[in-house]
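> Have a look at this one before I ask anything.
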Amino acid sequence: MKTTLKINESKPLSKMTLLGNFSFFNKKIIVLATLCLLIGNTLFAQSTIKGVVKDTVGNPIPYLQVLLKQDGNVVNGAYTDELGEYQIFGIKSGTYDISVGGTFNCQNTHTQKGIYISSSEVKFVDFTIQCNSGELDEVVVQYVPPVFYKDNTTSGAKLTGDEVRGNRKNSQRTTVIDGVRVRGGNNTVMPYSYDSETNEEYNSYAENRFKDAKSEPLSTFSLDVDVASYSNVRRMINQGIKPEKDAIRIEQFINYFSYNYPNPTGEHPINVITETQPCPWNENHLLVRIGVKAKEILSEKIPPSNFVFLIDVSGSMWSANRLPLVKSSLKLLTNNLRDEDQVAIVVYASATGEVLPSTSGADKQKILEAIDGLTAGGSTAGGAGIQLAYKVAEKNFIKGGNNRIILCTDGDFNVGISSVTELENLIEDKRKTGVFLTVLGYGMGNYKDSKLQTLSQKGNGNHAYIDNLQEANRVLVQEFGSTMYAVAKDVKMQIEFNPAYVNAYRLIGYESRLLNKEDFNDDSIDAGELGAGHTVTAFYEIIPVGVENKYGGVDELKYQKTTPETTEYPQNNEMMTVKIRYKSLDSESSKKMEIPVLVSEKNKTATEDFTFASAVVMFGQLLRHSDFMGTATYDDVVTLARKGLDNDKMGYRHEFIRLAETMKQLDK
């Protein structure tokens, strides 16, 4: 089924008319919606109607159209948020009908008639409805670009009233983009697939395999703090979709969860712990966990923040789980800003613009109003948006502060700089500015994980996927410090294995973060960042000496002898040594830490964190149908995870168990 949505912004921003006119012909739905804003400064007392819309089993229905009618005419309207709640302001006293539905996510229309509201009253009107969402294969968006406001043009002159309101006579609007006034009024048509999984893009990769400890004793990689893969795969499973292999990044599964690692106490801002246990999916192997904890910083002690919200407002961001969710997410962050923090807002679609100049966190209402005013449409000039965001961030740079761009997008860059290689070159150049980058991915069906991975890995950044408002709250509020403020940069790890005890080893995950062994001591090589209080975990599966390597071991060399009989290895009880390099935020020279892992550690009782994290590894390997999943089953995942539930204040570990149980049924 095909839906046509027409967004007409030719009317002045000082008014809003919300109309719904739905007809069905040849199984096509034609939706005409004109969005505007009612006059708020009136001479008479006004009232508010608010409420919540739920389905018949009590679940809230988000992004649902609510229309206020009087004498059959639409006089006001709103949309429900992620919690199904709506508010309609500025209502004159009188009797009204309220209708909900008639949108793509609920075609049915439900009406409560004869609702009387008196002067200055706040009235609650709730709905319990049954929806028929129909099937949508394609959406065609007809769009007139929105106004991007700036205080000044390039010349410094203030915009006139006509320029802000637009030229009604010619049915045109004035768009101010980076100081340049552009008039336009012609609609453009931009087709794209709506919520079809076929348009999602992931980088393909091959799993790390076992390496021989004699010929390749060093394993080197960049520490990764991205967690997008887990929440993205969670979204798929909750939709009844089997995740594709390349969407599964096991290290991001592991690092989605917090672990009870001790805080640093010495000269270094990071602490390292190790733990060795029998491998749960192969009883003849060992499993070594390496845990890294960055120092915690109280929220009030974090330096002042210079944020630039870089928001994709292209047509692909129109649907409910994209721009509306972006706006709700950034409101959560805005509400927690301090007076000393500052925010600018840059948007991009067919062109780019600065919606809000850098504004103090003390003026939250101004920031929230700018976020509220965003609408979606047009193609996607993502590269130009990134360039402008860095320009704005550098202009307002706080020396010694927390300077960061927060990019919110589905990753669909299709105008200007758009290829992965072009994005790599752009970000590698921009990371020299000292501005960090947080990439928040949204949406489904059109989600371009491959490009967002590039942005986060090539720049000084991290990457999360926001599938609902709870996830936004976790990333932007609960874990603000670890997501938004780095305490160490270019963090690399190198492991040296002792062939006296290790036959072969395999790094689990981190395939996109592998480095050459020479890169470890090269301070010019970019690597990962650690946020305040963040924990990062890596696992190695070990084949001990004396156990056969059934995963591709090589024959004994004919012309070289490197067996223990001819080569001496230190018998010092050290199975391996963990080395870490990192840089302070204000330095380009690295510091090194070394931690030996003793053979005797494998006799200790497993911690609950180790038990739970190893269950997460097992789950990821089952999802990928890994060559190395051994005897693992989904029942084993659940049993193992249940042994590690004590450190679960927020309930994420319990949710993981439910996810594994759901996937067991999907996999049948």
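Residues in the structure tokens are numbered from 1 in each chain, the chains being A, B, ... in the order shown, and ligands are numbered from 1 in the order shown.
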Show me, as a list in words, the residues that have an atom within 12 Å of Lys399 (chain A) when counting only C-alpha atoms, minus same-chain residues fewer than 4 positions from it.
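Everything that qualifies: Pro303, Pro304, Ser305, Asn306, Ala393, Glu394, Lys395, Asn403, Thr433, Gly434, Val435, Leu585 and Asp586 of chain A.
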> Okay, now the selection with N, CA and C atoms, as an mmCIF file, in the first residue's frame?

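Saved result, selection23.cif, follows:
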```
data_model
loop_
_atom_site.group_PDB
_atom_site.id
_atom_site.type_symbol
_atom_site.label_atom_id
_atom_site.label_comp_id
_atom_site.auth_asym_id
_atom_site.auth_seq_id
_atom_site.Cartn_x
_atom_site.Cartn_y
_atom_site.Cartn_z
ATOM 1 N N PRO A 303 33.435 19.516 33.477
ATOM 2 C CA PRO A 303 33.641 20.880 32.960
ATOM 3 C C PRO A 303 32.457 21.355 32.131
ATOM 4 N N PRO A 304 32.317 22.662 31.947
ATOM 5 C CA PRO A 304 31.209 23.190 31.138
ATOM 6 C C PRO A 304 31.174 22.555 29.753
ATOM 7 N N SER A 305 29.970 22.303 29.261
ATOM 8 C CA SER A 305 29.795 21.617 27.980
ATOM 9 C C SER A 305 29.402 22.606 26.882
ATOM 10 N N ASN A 306 30.045 22.433 25.743
ATOM 11 C CA ASN A 306 29.681 23.152 24.517
ATOM 12 C C ASN A 306 29.113 22.115 23.554
ATOM 13 N N ALA A 393 30.812 24.425 16.490
ATOM 14 C CA ALA A 393 31.452 23.954 17.720
ATOM 15 C C ALA A 393 32.785 24.652 17.951
ATOM 16 N N GLU A 394 33.557 24.833 16.881
ATOM 17 C CA GLU A 394 34.848 25.518 17.008
ATOM 18 C C GLU A 394 34.654 26.991 17.365
ATOM 19 N N LYS A 395 33.625 27.610 16.792
ATOM 20 C CA LYS A 395 33.346 29.019 17.073
ATOM 21 C C LYS A 395 33.066 29.234 18.558
ATOM 22 N N ASN A 403 33.639 19.745 24.711
ATOM 23 C CA ASN A 403 33.178 20.209 23.406
ATOM 24 C C ASN A 403 32.753 19.002 22.573
ATOM 25 N N THR A 433 40.252 18.982 15.649
ATOM 26 C CA THR A 433 39.768 20.223 16.261
ATOM 27 C C THR A 433 39.649 20.130 17.779
ATOM 28 N N GLY A 434 39.682 18.913 18.330
ATOM 29 C CA GLY A 434 39.451 18.750 19.763
ATOM 30 C C GLY A 434 37.991 18.632 20.123
ATOM 31 N N VAL A 435 37.122 18.600 19.097
ATOM 32 C CA VAL A 435 35.688 18.426 19.310
ATOM 33 C C VAL A 435 35.359 16.939 19.197
ATOM 34 N N LEU A 585 43.395 14.033 27.849
ATOM 35 C CA LEU A 585 42.673 14.852 26.877
ATOM 36 C C LEU A 585 43.494 16.018 26.359
ATOM 37 N N ASP A 586 44.417 16.514 27.166
ATOM 38 C CA ASP A 586 45.202 17.689 26.781
ATOM 39 C C ASP A 586 46.595 17.324 26.296
#
```
> Using 12 Å as the limit and counting only C-alpha atoms, can you tabulate each residue of region 254-293 of chain A that touches region 599-621 of chain A, with its shortest atom-to-atom distance in Å and the two atoms involved, as CSV?

```
residue,atom,partner,partner_atom,distance
A:Ile254,CA,A:Val616,CA,6.1
A:Asn255,CA,A:Ala613,CA,8.8
A:Tyr256,CA,A:Val616,CA,9.9
A:Phe257,CA,A:Ala613,CA,8.3
A:Ser258,CA,A:Asp609,CA,8.9
A:Tyr259,CA,A:Asp609,CA,6.1
A:Asn260,CA,A:Asp609,CA,7.1
A:Tyr261,CA,A:Asp609,CA,9.0
A:Ile273,CA,A:Phe610,CA,11.4
A:Thr274,CA,A:Glu601,CA,8.8
A:Glu275,CA,A:Glu601,CA,6.8
A:Thr276,CA,A:Lys602,CA,4.7
A:Gln277,CA,A:Lys602,CA,5.1
A:Pro278,CA,A:Lys602,CA,7.4
A:Cys279,CA,A:Ser614,CA,8.5
A:Pro280,CA,A:Ser614,CA,7.6
A:Trp281,CA,A:Met618,CA,7.5
A:Asn282,CA,A:Met618,CA,10.9
A:His285,CA,A:Lys602,CA,11.2
A:Leu286,CA,A:Lys602,CA,8.1
A:Leu287,CA,A:Ser614,CA,8.5
A:Val288,CA,A:Lys602,CA,8.7
A:Arg289,CA,A:Phe610,CA,7.2
A:Ile290,CA,A:Phe610,CA,9.9
A:Gly291,CA,A:Phe610,CA,9.8
```
> With only C-alpha atoms as the basis for distance, which of A:Asn402, A:Ser299, A:Ser316, A:Thr95 is at the shortest distance from Gly378 (chain A)?
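Using only C-alpha atoms, the shortest distance to Gly378 (chain A) belongs to A:Ser316.
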> Write out as a PyMOL selection string which residues come within 10 Å of Lys50 (chain A) when counting only C-alpha atoms, dropping same-chain ones fewer than 6 positions away.
chain A and resi 78+80+85-89+122-126
> Would you mind telling me which residue in A:Gly528, A:Pro60, A:Gly509, A:Gly240 lies nearest to Ile580 (chain A) when using only C-alpha atoms?
A:Gly528
